[in-house]
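The structure appears right after this line, and notes come after that.
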Amino acid sequence: MSQIVVNATAARTSGALSILNQFINHIPQESFDIYYIFVDADYSQIPVNNVVYIKVDTGSWAKRIRWDGYGLKNWIKRNNIYPSLIISLQNTGVKFDKRIPQLVYYHQPLTLASNVWHWYKREELLFFIYKHFYSYFVSRYIHSNTSFVVQIPSIKELFLKKFPIKEENVHVIPPEFHCENINECQEPNDDYIHFVYPATPFLYKNHSVLLAALYYLKINEAEIYGRIKLHLTLPERNALNKKIDALGIKDAIVFEGVVPYLKLLSYYQTMQALLFPSYIESFGLPLLEAASTGMSIVAADLPYVHDVIGDYDGVKFVDYKDEKAWASAMKGVFYDQKRNLPYKYKNKCGWSDFFALIERLKIK
């Protein structure tokens, strides 16, 4: 029986929380290993026989730095735990005896991006911190016994350029994907062509190129513009409002707010196309979700998109910075509203590969 320590105190929302829950749900029940999982103080525990939860408050940068640097190590010693492996589900390792192997699930692309962020610009400060300070804490705990898991080959390539680690210690394990079938989908009861872009309002999600494309259509293709609706998963009041008002394109935009997962899947089945201009992603799950329904996709011509759906017949690749190219692609969808053969995702392993890696790495 092995004792495995899992550090996930920062997994509170969004993708990080999803990774933690998936990890717990895939822990082999036939295993005799005990998993000590450190989670946020407000985490809703999933009952599993061979899991012990320890709640920790690391809600600030200072608390997390102390925990990763000293707190976890001290807790393990005080409680006489002898880990065979330490797993981090939150991008950075921890300070511990270097003889004990560590496995880090890395899903933070901001530290790898070549974009230049400025600390003195309010909308860029967080990205500046991730690029310069967060990357320091990633590299700080890398040693010869550290392995990383990333989701796609292009992230592995960027990771190897950024951090001092051997190639054989970085493993590509795509996430598992199961798209639920929506039997009853109500199609929009109008004559509009509906586009959807499910994304948070972060700068690198690149909403601005879509706004510029809509404005280009308004000026140059008024008839087409008048038949388009772009659905954004943003609230009515958001950081883009001033730009939208200045361009005079509010009539072409529908602010959906937070869209439940099943409703979003129904959009993929009933709307005409997914637009995906983001220029920084660790995977890009909406691409796969939309492709699995046969929806047409217009996406940034970047490596992560090619990794995820590069061989999907229904995707058109566009320069992420070129609003005229996006306008042209939207015009193309307007005149050719076809559905494609649903994309069959080839990577069915996911967490089974991750737990196989755990077996290989842990001290026997």
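So you can find residues: chains in the structure tokens are A, B, ... in the order shown, residues in each start at 1, and ligands are numbered from 1 in order.
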
Quick one: residues within 10 Å of Pro164 of chain A, only C-alpha atoms, excluding same-chain residues fewer than 2 positions away - as an mmCIF file with C-alpha atoms, in the first residue's frame?
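The new file result.cif reads:
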```
data_model
loop_
_atom_site.group_PDB
_atom_site.id
_atom_site.type_symbol
_atom_site.label_atom_id
_atom_site.label_comp_id
_atom_site.auth_asym_id
_atom_site.auth_seq_id
_atom_site.Cartn_x
_atom_site.Cartn_y
_atom_site.Cartn_z
ATOM 1 C CA SER A 139 10.758 26.296 -12.154
ATOM 2 C CA ILE A 142 11.679 21.284 -10.723
ATOM 3 C CA HIS A 143 14.329 18.654 -10.055
ATOM 4 C CA SER A 144 15.458 15.403 -11.682
ATOM 5 C CA PHE A 159 7.084 24.034 -21.888
ATOM 6 C CA LEU A 160 10.415 22.478 -22.896
ATOM 7 C CA LYS A 161 11.581 25.822 -24.281
ATOM 8 C CA LYS A 162 10.611 27.646 -21.101
ATOM 9 C CA LYS A 166 14.228 16.688 -19.824
ATOM 10 C CA GLU A 167 11.834 15.881 -22.655
#
```

How close does segment 21-95 of chain A get to segment 168-178 of chain A? List, as CSV, each residue of segment 21-95 of chain A within 12 Å, its nearest atom pair and the distance in Å to one decimal, counting only C-alpha atoms.
```
residue,atom,partner,partner_atom,distance
A:Gln22,CA,A:Glu176,CA,9.4
A:Phe23,CA,A:Pro175,CA,10.7
A:His26,CA,A:Glu176,CA,10.9
```

Can you pull out the residues contacting segment 54-58 of chain A? Cut-off 8 Å, using only C-alpha atoms, and skip same-chain residues under 5 positions away; I want them as an mmCIF file with C-alpha atoms, in the first residue's frame.
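Saved as out13.cif:
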```cif
data_model
loop_
_atom_site.group_PDB
_atom_site.id
_atom_site.type_symbol
_atom_site.label_atom_id
_atom_site.label_comp_id
_atom_site.auth_asym_id
_atom_site.auth_seq_id
_atom_site.Cartn_x
_atom_site.Cartn_y
_atom_site.Cartn_z
ATOM 1 C CA THR A 9 -5.644 23.711 -2.592
ATOM 2 C CA ALA A 10 -6.023 26.295 -5.387
ATOM 3 C CA TYR A 36 -4.206 12.374 0.954
ATOM 4 C CA ILE A 37 -5.799 15.217 -1.027
ATOM 5 C CA PHE A 38 -5.306 18.798 0.133
ATOM 6 C CA VAL A 39 -8.197 20.976 -1.038
ATOM 7 C CA ASP A 40 -9.598 24.471 -0.555
ATOM 8 C CA ALA A 41 -11.437 25.172 2.678
ATOM 9 C CA ASP A 42 -14.781 25.445 0.843
ATOM 10 C CA TYR A 43 -14.396 22.359 -1.334
ATOM 11 C CA LYS A 63 -0.682 31.779 1.805
ATOM 12 C CA ARG A 64 -0.147 29.588 -1.233
ATOM 13 C CA TRP A 67 1.963 26.309 1.875
#
```

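In this structure, atom CA of Leu357 of chain A sits 17.5 Å away from atom CA of Ile165 of chain A.
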
Quick one: distance from atom CA of Ser296 of chain A to atom CA of Leu275 of chain A in Å, one decimal?
8.8 Å

Excluding Lys205 of chain A and residues on its chain fewer than 6 positions from it, collect all residues at most 7 Å away from it, counting only C-alpha atoms, and give them as a ChimeraX atom specification.
/A:199,277-279

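Listed by chain and then by rising number, the residues of segment 246-312 of chain A that DSSP assigns to strand (DSSP E or B) from the backbone are Ile253, Val254, Phe255, Ala273, Leu274, Leu275, Phe276, Ser296, Ile297, Val298, Ala299 and Ala300 of chain A.
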
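Interatomic distance, atom CA of Tyr192 of chain A against atom CA of Arg339 of chain A: 16.4 Å.
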
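Between Asn91 of chain A and the candidates A:Asp68, A:Asp307, A:Asp251, A:Glu30, the tightest atom-to-atom separation, counting only C-alpha atoms, involves A:Asp68.
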
Using only C-alpha atoms, what table do you get, as a tab-separated table, when you list each residue of segment 252-304 of chain A with an atom no more than 12 Å from segment 105-108 of chain A, its nearest pair of atoms, and their distance in Å rounded to one decimal, rows by chain then rising number?
```
residue	atom	partner	partner_atom	distance
A:Ile280	CA	A:Gln108	CA	9.6
A:Glu281	CA	A:Gln108	CA	8.2
A:Ser282	CA	A:His107	CA	5.8
A:Phe283	CA	A:His107	CA	8.4
A:Gly284	CA	A:His107	CA	11.2
```

For the residues selected in the previous step, produce a file with N, CA and C atoms as a PDB file, in the first residue's frame.
```pdb
ATOM      1  N   ILE A 280      -4.446  32.225 -26.710  1.00  0.00           N
ATOM      2  CA  ILE A 280      -3.746  31.486 -25.665  1.00  0.00           C
ATOM      3  C   ILE A 280      -4.706  30.461 -25.069  1.00  0.00           C
ATOM      4  N   GLU A 281      -4.374  29.175 -25.180  1.00  0.00           N
ATOM      5  CA  GLU A 281      -5.200  28.104 -24.623  1.00  0.00           C
ATOM      6  C   GLU A 281      -4.304  26.932 -24.244  1.00  0.00           C
ATOM      7  N   SER A 282      -4.719  26.197 -23.218  1.00  0.00           N
ATOM      8  CA  SER A 282      -4.020  24.950 -22.887  1.00  0.00           C
ATOM      9  C   SER A 282      -4.637  23.770 -23.625  1.00  0.00           C
ATOM     10  N   PHE A 283      -5.891  23.925 -24.076  1.00  0.00           N
ATOM     11  CA  PHE A 283      -6.555  22.864 -24.846  1.00  0.00           C
ATOM     12  C   PHE A 283      -7.597  23.453 -25.792  1.00  0.00           C
ATOM     13  N   GLY A 284      -8.635  24.069 -25.257  1.00  0.00           N
ATOM     14  CA  GLY A 284      -9.704  24.617 -26.095  1.00  0.00           C
ATOM     15  C   GLY A 284     -10.860  23.643 -26.225  1.00  0.00           C
TER      16      GLY A 284
END
```

Can you check which residues of segment 74-299 of chain A DSSP gives as helix (DSSP H, G or I) on the backbone and send them as an mmCIF file with N, CA and C atoms, in the first residue's frame?
```cif
data_model
loop_
_atom_site.group_PDB
_atom_site.id
_atom_site.type_symbol
_atom_site.label_atom_id
_atom_site.label_comp_id
_atom_site.auth_asym_id
_atom_site.auth_seq_id
_atom_site.Cartn_x
_atom_site.Cartn_y
_atom_site.Cartn_z
ATOM 1 N N ASN A 74 5.688 20.395 6.250
ATOM 2 C CA ASN A 74 5.567 20.292 7.702
ATOM 3 C C ASN A 74 4.382 19.425 8.107
ATOM 4 N N TRP A 75 3.248 19.553 7.389
ATOM 5 C CA TRP A 75 2.067 18.751 7.724
ATOM 6 C C TRP A 75 2.375 17.262 7.547
ATOM 7 N N ILE A 76 3.036 16.930 6.462
ATOM 8 C CA ILE A 76 3.368 15.526 6.195
ATOM 9 C C ILE A 76 4.257 14.953 7.301
ATOM 10 N N LYS A 77 5.237 15.733 7.724
ATOM 11 C CA LYS A 77 6.136 15.247 8.781
ATOM 12 C C LYS A 77 5.413 15.112 10.109
ATOM 13 N N ARG A 78 4.578 16.113 10.448
ATOM 14 C CA ARG A 78 3.861 16.063 11.725
ATOM 15 C C ARG A 78 2.926 14.872 11.813
ATOM 16 N N PRO A 109 -1.403 28.101 -19.580
ATOM 17 C CA PRO A 109 -0.652 28.515 -20.771
ATOM 18 C C PRO A 109 -0.077 29.920 -20.697
ATOM 19 N N LEU A 110 -0.553 30.755 -19.766
ATOM 20 C CA LEU A 110 -0.111 32.147 -19.722
ATOM 21 C C LEU A 110 1.388 32.275 -19.478
ATOM 22 N N THR A 111 1.961 31.367 -18.703
ATOM 23 C CA THR A 111 3.400 31.440 -18.430
ATOM 24 C C THR A 111 4.232 31.093 -19.657
ATOM 25 N N ARG A 122 -3.868 48.037 -16.247
ATOM 26 C CA ARG A 122 -4.748 47.307 -15.335
ATOM 27 C C ARG A 122 -5.223 45.983 -15.919
ATOM 28 N N GLU A 123 -5.600 45.995 -17.188
ATOM 29 C CA GLU A 123 -6.139 44.781 -17.803
ATOM 30 C C GLU A 123 -5.073 43.736 -18.114
ATOM 31 N N GLU A 124 -3.784 44.103 -17.951
ATOM 32 C CA GLU A 124 -2.699 43.180 -18.261
ATOM 33 C C GLU A 124 -1.907 42.744 -17.034
ATOM 34 N N LEU A 125 -2.155 43.355 -15.886
ATOM 35 C CA LEU A 125 -1.337 43.102 -14.696
ATOM 36 C C LEU A 125 -1.325 41.624 -14.307
ATOM 37 N N LEU A 126 -2.502 40.988 -14.270
ATOM 38 C CA LEU A 126 -2.569 39.580 -13.881
ATOM 39 C C LEU A 126 -1.759 38.710 -14.832
ATOM 40 N N PHE A 127 -1.823 38.999 -16.127
ATOM 41 C CA PHE A 127 -1.079 38.214 -17.105
ATOM 42 C C PHE A 127 0.429 38.438 -16.938
ATOM 43 N N PHE A 128 0.819 39.658 -16.599
ATOM 44 C CA PHE A 128 2.224 39.963 -16.327
ATOM 45 C C PHE A 128 2.725 39.123 -15.149
ATOM 46 N N ILE A 129 1.908 39.035 -14.106
ATOM 47 C CA ILE A 129 2.285 38.255 -12.922
ATOM 48 C C ILE A 129 2.457 36.777 -13.277
ATOM 49 N N TYR A 130 1.520 36.235 -14.027
ATOM 50 C CA TYR A 130 1.620 34.830 -14.409
ATOM 51 C C TYR A 130 2.857 34.571 -15.260
ATOM 52 N N LYS A 131 3.132 35.473 -16.187
ATOM 53 C CA LYS A 131 4.243 35.255 -17.104
ATOM 54 C C LYS A 131 5.597 35.307 -16.400
ATOM 55 N N HIS A 132 5.737 36.247 -15.446
ATOM 56 C CA HIS A 132 7.048 36.476 -14.859
ATOM 57 C C HIS A 132 7.204 35.872 -13.458
ATOM 58 N N PHE A 133 6.231 36.051 -12.583
ATOM 59 C CA PHE A 133 6.375 35.568 -11.218
ATOM 60 C C PHE A 133 5.917 34.115 -11.081
ATOM 61 N N TYR A 134 4.786 33.780 -11.697
ATOM 62 C CA TYR A 134 4.264 32.421 -11.576
ATOM 63 C C TYR A 134 5.241 31.418 -12.185
ATOM 64 N N SER A 135 5.855 31.800 -13.322
ATOM 65 C CA SER A 135 6.805 30.900 -13.964
ATOM 66 C C SER A 135 8.000 30.611 -13.054
ATOM 67 N N TYR A 136 8.347 31.582 -12.195
ATOM 68 C CA TYR A 136 9.437 31.351 -11.233
ATOM 69 C C TYR A 136 9.084 30.206 -10.288
ATOM 70 N N PHE A 137 7.827 30.170 -9.824
ATOM 71 C CA PHE A 137 7.433 29.119 -8.887
ATOM 72 C C PHE A 137 7.261 27.769 -9.579
ATOM 73 N N VAL A 138 7.005 27.788 -10.870
ATOM 74 C CA VAL A 138 6.999 26.522 -11.609
ATOM 75 C C VAL A 138 8.410 25.951 -11.641
ATOM 76 N N SER A 139 9.379 26.775 -12.014
ATOM 77 C CA SER A 139 10.758 26.296 -12.154
ATOM 78 C C SER A 139 11.427 26.036 -10.806
ATOM 79 N N ARG A 140 10.976 26.730 -9.765
ATOM 80 C CA ARG A 140 11.618 26.625 -8.445
ATOM 81 C C ARG A 140 11.647 25.194 -7.918
ATOM 82 N N PRO A 153 0.462 18.452 -27.647
ATOM 83 C CA PRO A 153 1.878 18.518 -28.031
ATOM 84 C C PRO A 153 2.446 19.930 -28.100
ATOM 85 N N SER A 154 1.667 20.896 -28.570
ATOM 86 C CA SER A 154 2.209 22.246 -28.701
ATOM 87 C C SER A 154 2.521 22.865 -27.343
ATOM 88 N N ILE A 155 1.769 22.514 -26.304
ATOM 89 C CA ILE A 155 2.080 22.990 -24.960
ATOM 90 C C ILE A 155 3.362 22.336 -24.452
ATOM 91 N N LYS A 156 3.559 21.066 -24.754
ATOM 92 C CA LYS A 156 4.813 20.403 -24.373
ATOM 93 C C LYS A 156 6.001 21.097 -25.020
ATOM 94 N N GLU A 157 5.881 21.434 -26.285
ATOM 95 C CA GLU A 157 6.970 22.103 -26.997
ATOM 96 C C GLU A 157 7.307 23.444 -26.337
ATOM 97 N N LEU A 158 6.292 24.232 -26.007
ATOM 98 C CA LEU A 158 6.519 25.513 -25.350
ATOM 99 C C LEU A 158 7.096 25.323 -23.949
ATOM 100 N N PHE A 159 6.626 24.301 -23.247
ATOM 101 C CA PHE A 159 7.084 24.034 -21.888
ATOM 102 C C PHE A 159 8.574 23.696 -21.875
ATOM 103 N N LEU A 160 8.999 22.876 -22.826
ATOM 104 C CA LEU A 160 10.415 22.478 -22.896
ATOM 105 C C LEU A 160 11.317 23.661 -23.218
ATOM 106 N N LYS A 161 10.800 24.618 -23.982
ATOM 107 C CA LYS A 161 11.581 25.822 -24.281
ATOM 108 C C LYS A 161 11.688 26.746 -23.075
ATOM 109 N N LYS A 162 10.692 26.711 -22.226
ATOM 110 C CA LYS A 162 10.611 27.646 -21.101
ATOM 111 C C LYS A 162 11.324 27.149 -19.854
ATOM 112 N N GLU A 167 13.020 16.148 -21.854
ATOM 113 C CA GLU A 167 11.834 15.881 -22.655
ATOM 114 C C GLU A 167 11.079 14.651 -22.165
ATOM 115 N N GLU A 168 11.810 13.616 -21.741
ATOM 116 C CA GLU A 168 11.145 12.384 -21.310
ATOM 117 C C GLU A 168 10.367 12.563 -20.010
ATOM 118 N N ASN A 169 10.568 13.690 -19.337
ATOM 119 C CA ASN A 169 9.835 13.946 -18.097
ATOM 120 C C ASN A 169 8.584 14.796 -18.299
ATOM 121 N N LEU A 203 -8.408 39.366 -21.930
ATOM 122 C CA LEU A 203 -7.875 40.022 -23.111
ATOM 123 C C LEU A 203 -7.468 39.032 -24.196
ATOM 124 N N TYR A 204 -6.799 37.938 -23.782
ATOM 125 C CA TYR A 204 -6.284 36.971 -24.758
ATOM 126 C C TYR A 204 -7.387 36.127 -25.403
ATOM 127 N N LYS A 205 -8.593 36.205 -24.888
ATOM 128 C CA LYS A 205 -9.705 35.522 -25.562
ATOM 129 C C LYS A 205 -10.068 36.216 -26.866
ATOM 130 N N HIS A 207 -11.898 38.818 -27.978
ATOM 131 C CA HIS A 207 -13.216 39.251 -28.449
ATOM 132 C C HIS A 207 -13.102 40.426 -29.415
ATOM 133 N N SER A 208 -12.074 41.242 -29.225
ATOM 134 C CA SER A 208 -11.958 42.486 -29.998
ATOM 135 C C SER A 208 -11.898 42.245 -31.488
ATOM 136 N N VAL A 209 -11.292 41.133 -31.930
ATOM 137 C CA VAL A 209 -11.210 40.881 -33.375
ATOM 138 C C VAL A 209 -12.587 40.555 -33.948
ATOM 139 N N LEU A 210 -13.444 39.937 -33.141
ATOM 140 C CA LEU A 210 -14.808 39.651 -33.601
ATOM 141 C C LEU A 210 -15.628 40.930 -33.679
ATOM 142 N N LEU A 211 -15.425 41.825 -32.728
ATOM 143 C CA LEU A 211 -16.129 43.111 -32.770
ATOM 144 C C LEU A 211 -15.706 43.912 -33.998
ATOM 145 N N ALA A 212 -14.403 43.887 -34.283
ATOM 146 C CA ALA A 212 -13.904 44.596 -35.466
ATOM 147 C C ALA A 212 -14.441 43.963 -36.751
ATOM 148 N N ALA A 213 -14.580 42.643 -36.751
ATOM 149 C CA ALA A 213 -15.123 41.950 -37.926
ATOM 150 C C ALA A 213 -16.588 42.316 -38.152
ATOM 151 N N LEU A 214 -17.349 42.392 -37.058
ATOM 152 C CA LEU A 214 -18.749 42.811 -37.179
ATOM 153 C C LEU A 214 -18.848 44.230 -37.729
ATOM 154 N N TYR A 215 -17.993 45.105 -37.247
ATOM 155 C CA TYR A 215 -18.001 46.483 -37.736
ATOM 156 C C TYR A 215 -17.655 46.534 -39.221
ATOM 157 N N TYR A 216 -16.692 45.716 -39.629
ATOM 158 C CA TYR A 216 -16.312 45.658 -41.054
ATOM 159 C C TYR A 216 -17.504 45.216 -41.901
ATOM 160 N N LEU A 217 -18.230 44.214 -41.421
ATOM 161 C CA LEU A 217 -19.417 43.755 -42.148
ATOM 162 C C LEU A 217 -20.488 44.843 -42.174
ATOM 163 N N LYS A 218 -20.638 45.548 -41.078
ATOM 164 C CA LYS A 218 -21.651 46.610 -41.032
ATOM 165 C C LYS A 218 -21.373 47.679 -42.082
ATOM 166 N N ILE A 219 -20.097 48.010 -42.260
ATOM 167 C CA ILE A 219 -19.723 49.054 -43.209
ATOM 168 C C ILE A 219 -19.740 48.554 -44.648
ATOM 169 N N ASN A 220 -19.296 47.301 -44.851
ATOM 170 C CA ASN A 220 -19.085 46.801 -46.215
ATOM 171 C C ASN A 220 -20.107 45.771 -46.688
ATOM 172 N N ALA A 222 -23.671 45.389 -45.410
ATOM 173 C CA ALA A 222 -24.771 45.763 -44.516
ATOM 174 C C ALA A 222 -25.882 44.719 -44.496
ATOM 175 N N GLU A 223 -26.186 44.123 -45.644
ATOM 176 C CA GLU A 223 -27.269 43.133 -45.703
ATOM 177 C C GLU A 223 -26.918 41.898 -44.878
ATOM 178 N N ILE A 224 -25.678 41.443 -44.994
ATOM 179 C CA ILE A 224 -25.237 40.290 -44.215
ATOM 180 C C ILE A 224 -25.193 40.645 -42.724
ATOM 181 N N TYR A 225 -24.640 41.806 -42.423
ATOM 182 C CA TYR A 225 -24.561 42.237 -41.034
ATOM 183 C C TYR A 225 -25.938 42.242 -40.369
ATOM 184 N N ASN A 241 -18.348 46.755 -23.357
ATOM 185 C CA ASN A 241 -19.483 47.629 -23.679
ATOM 186 C C ASN A 241 -19.077 48.930 -24.380
ATOM 187 N N LYS A 242 -18.024 49.571 -23.878
ATOM 188 C CA LYS A 242 -17.618 50.848 -24.467
ATOM 189 C C LYS A 242 -17.216 50.682 -25.933
ATOM 190 N N LYS A 243 -16.473 49.624 -26.201
ATOM 191 C CA LYS A 243 -16.032 49.404 -27.570
ATOM 192 C C LYS A 243 -17.214 49.063 -28.476
ATOM 193 N N ILE A 244 -18.130 48.254 -27.969
ATOM 194 C CA ILE A 244 -19.314 47.880 -28.740
ATOM 195 C C ILE A 244 -20.158 49.111 -29.066
ATOM 196 N N ASP A 245 -20.342 49.965 -28.068
ATOM 197 C CA ASP A 245 -21.119 51.182 -28.289
ATOM 198 C C ASP A 245 -20.421 52.114 -29.287
ATOM 199 N N ALA A 246 -19.102 52.211 -29.180
ATOM 200 C CA ALA A 246 -18.355 53.080 -30.083
ATOM 201 C C ALA A 246 -18.448 52.609 -31.535
ATOM 202 N N LEU A 247 -18.483 51.294 -31.723
ATOM 203 C CA LEU A 247 -18.578 50.738 -33.074
ATOM 204 C C LEU A 247 -20.024 50.691 -33.576
ATOM 205 N N LYS A 250 -24.093 46.934 -31.258
ATOM 206 C CA LYS A 250 -24.799 46.263 -30.163
ATOM 207 C C LYS A 250 -25.980 45.442 -30.664
ATOM 208 N N ASP A 251 -26.604 45.873 -31.759
ATOM 209 C CA ASP A 251 -27.768 45.152 -32.280
ATOM 210 C C ASP A 251 -27.419 43.775 -32.819
ATOM 211 N N ALA A 252 -26.122 43.507 -33.051
ATOM 212 C CA ALA A 252 -25.713 42.209 -33.596
ATOM 213 C C ALA A 252 -25.223 41.252 -32.520
ATOM 214 N N TYR A 261 -23.993 24.030 -19.057
ATOM 215 C CA TYR A 261 -23.293 23.156 -20.003
ATOM 216 C C TYR A 261 -24.229 22.533 -21.040
ATOM 217 N N LEU A 262 -25.349 21.981 -20.596
ATOM 218 C CA LEU A 262 -26.255 21.314 -21.535
ATOM 219 C C LEU A 262 -26.874 22.305 -22.513
ATOM 220 N N LYS A 263 -27.133 23.511 -22.052
ATOM 221 C CA LYS A 263 -27.680 24.530 -22.950
ATOM 222 C C LYS A 263 -26.648 24.915 -24.001
ATOM 223 N N LEU A 264 -25.384 25.003 -23.579
ATOM 224 C CA LEU A 264 -24.317 25.323 -24.526
ATOM 225 C C LEU A 264 -24.193 24.226 -25.582
ATOM 226 N N LEU A 265 -24.307 22.973 -25.166
ATOM 227 C CA LEU A 265 -24.271 21.869 -26.128
ATOM 228 C C LEU A 265 -25.422 21.983 -27.127
ATOM 229 N N SER A 266 -26.584 22.439 -26.660
ATOM 230 C CA SER A 266 -27.715 22.597 -27.575
ATOM 231 C C SER A 266 -27.442 23.716 -28.576
ATOM 232 N N TYR A 267 -26.697 24.737 -28.155
ATOM 233 C CA TYR A 267 -26.311 25.804 -29.090
ATOM 234 C C TYR A 267 -25.432 25.247 -30.204
ATOM 235 N N TYR A 268 -24.521 24.357 -29.840
ATOM 236 C CA TYR A 268 -23.647 23.765 -30.848
ATOM 237 C C TYR A 268 -24.452 22.977 -31.886
ATOM 238 N N GLN A 269 -25.566 22.421 -31.466
ATOM 239 C CA GLN A 269 -26.367 21.605 -32.373
ATOM 240 C C GLN A 269 -27.332 22.429 -33.215
ATOM 241 N N THR A 270 -27.639 23.647 -32.799
ATOM 242 C CA THR A 270 -28.686 24.406 -33.499
ATOM 243 C C THR A 270 -28.189 25.697 -34.151
ATOM 244 N N LEU A 285 -11.465 23.286 -25.079
ATOM 245 C CA LEU A 285 -12.525 22.278 -25.057
ATOM 246 C C LEU A 285 -13.735 22.620 -25.931
ATOM 247 N N PRO A 286 -14.183 23.896 -26.011
ATOM 248 C CA PRO A 286 -15.332 24.195 -26.879
ATOM 249 C C PRO A 286 -15.132 23.774 -28.327
ATOM 250 N N LEU A 287 -13.891 23.774 -28.802
ATOM 251 C CA LEU A 287 -13.614 23.313 -30.167
ATOM 252 C C LEU A 287 -14.051 21.866 -30.339
ATOM 253 N N LEU A 288 -13.699 21.053 -29.367
ATOM 254 C CA LEU A 288 -14.027 19.630 -29.435
ATOM 255 C C LEU A 288 -15.518 19.403 -29.247
ATOM 256 N N GLU A 289 -16.119 20.151 -28.343
ATOM 257 C CA GLU A 289 -17.553 20.009 -28.103
ATOM 258 C C GLU A 289 -18.351 20.367 -29.353
ATOM 259 N N ALA A 290 -17.983 21.467 -30.003
ATOM 260 C CA ALA A 290 -18.699 21.889 -31.207
ATOM 261 C C ALA A 290 -18.462 20.918 -32.356
ATOM 262 N N ALA A 291 -17.211 20.492 -32.536
ATOM 263 C CA ALA A 291 -16.885 19.580 -33.633
ATOM 264 C C ALA A 291 -17.615 18.253 -33.492
#
```

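Here the question is which of A:Lys364, A:His306, A:Lys324, A:Arg66 gets nearest to Ile152 of chain A using only C-alpha atoms, and that residue is A:His306.
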
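Close contacts of Phe96 of chain A, defined as residues with an atom at most 10 Å away when counting only C-alpha atoms, with chain neighbours fewer than 4 positions off set aside, comprise Asp68, Gly69, Tyr70, Leu72, Lys73, Asn74, Ile76, Ile86, Ile100, Pro101, Gln102 and Tyr141 of chain A.
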
Counting only C-alpha atoms, the residue among A:Gly15, A:Gly93, A:Gly226, A:Pro47 that lies closest to Asp191 of chain A is A:Gly226
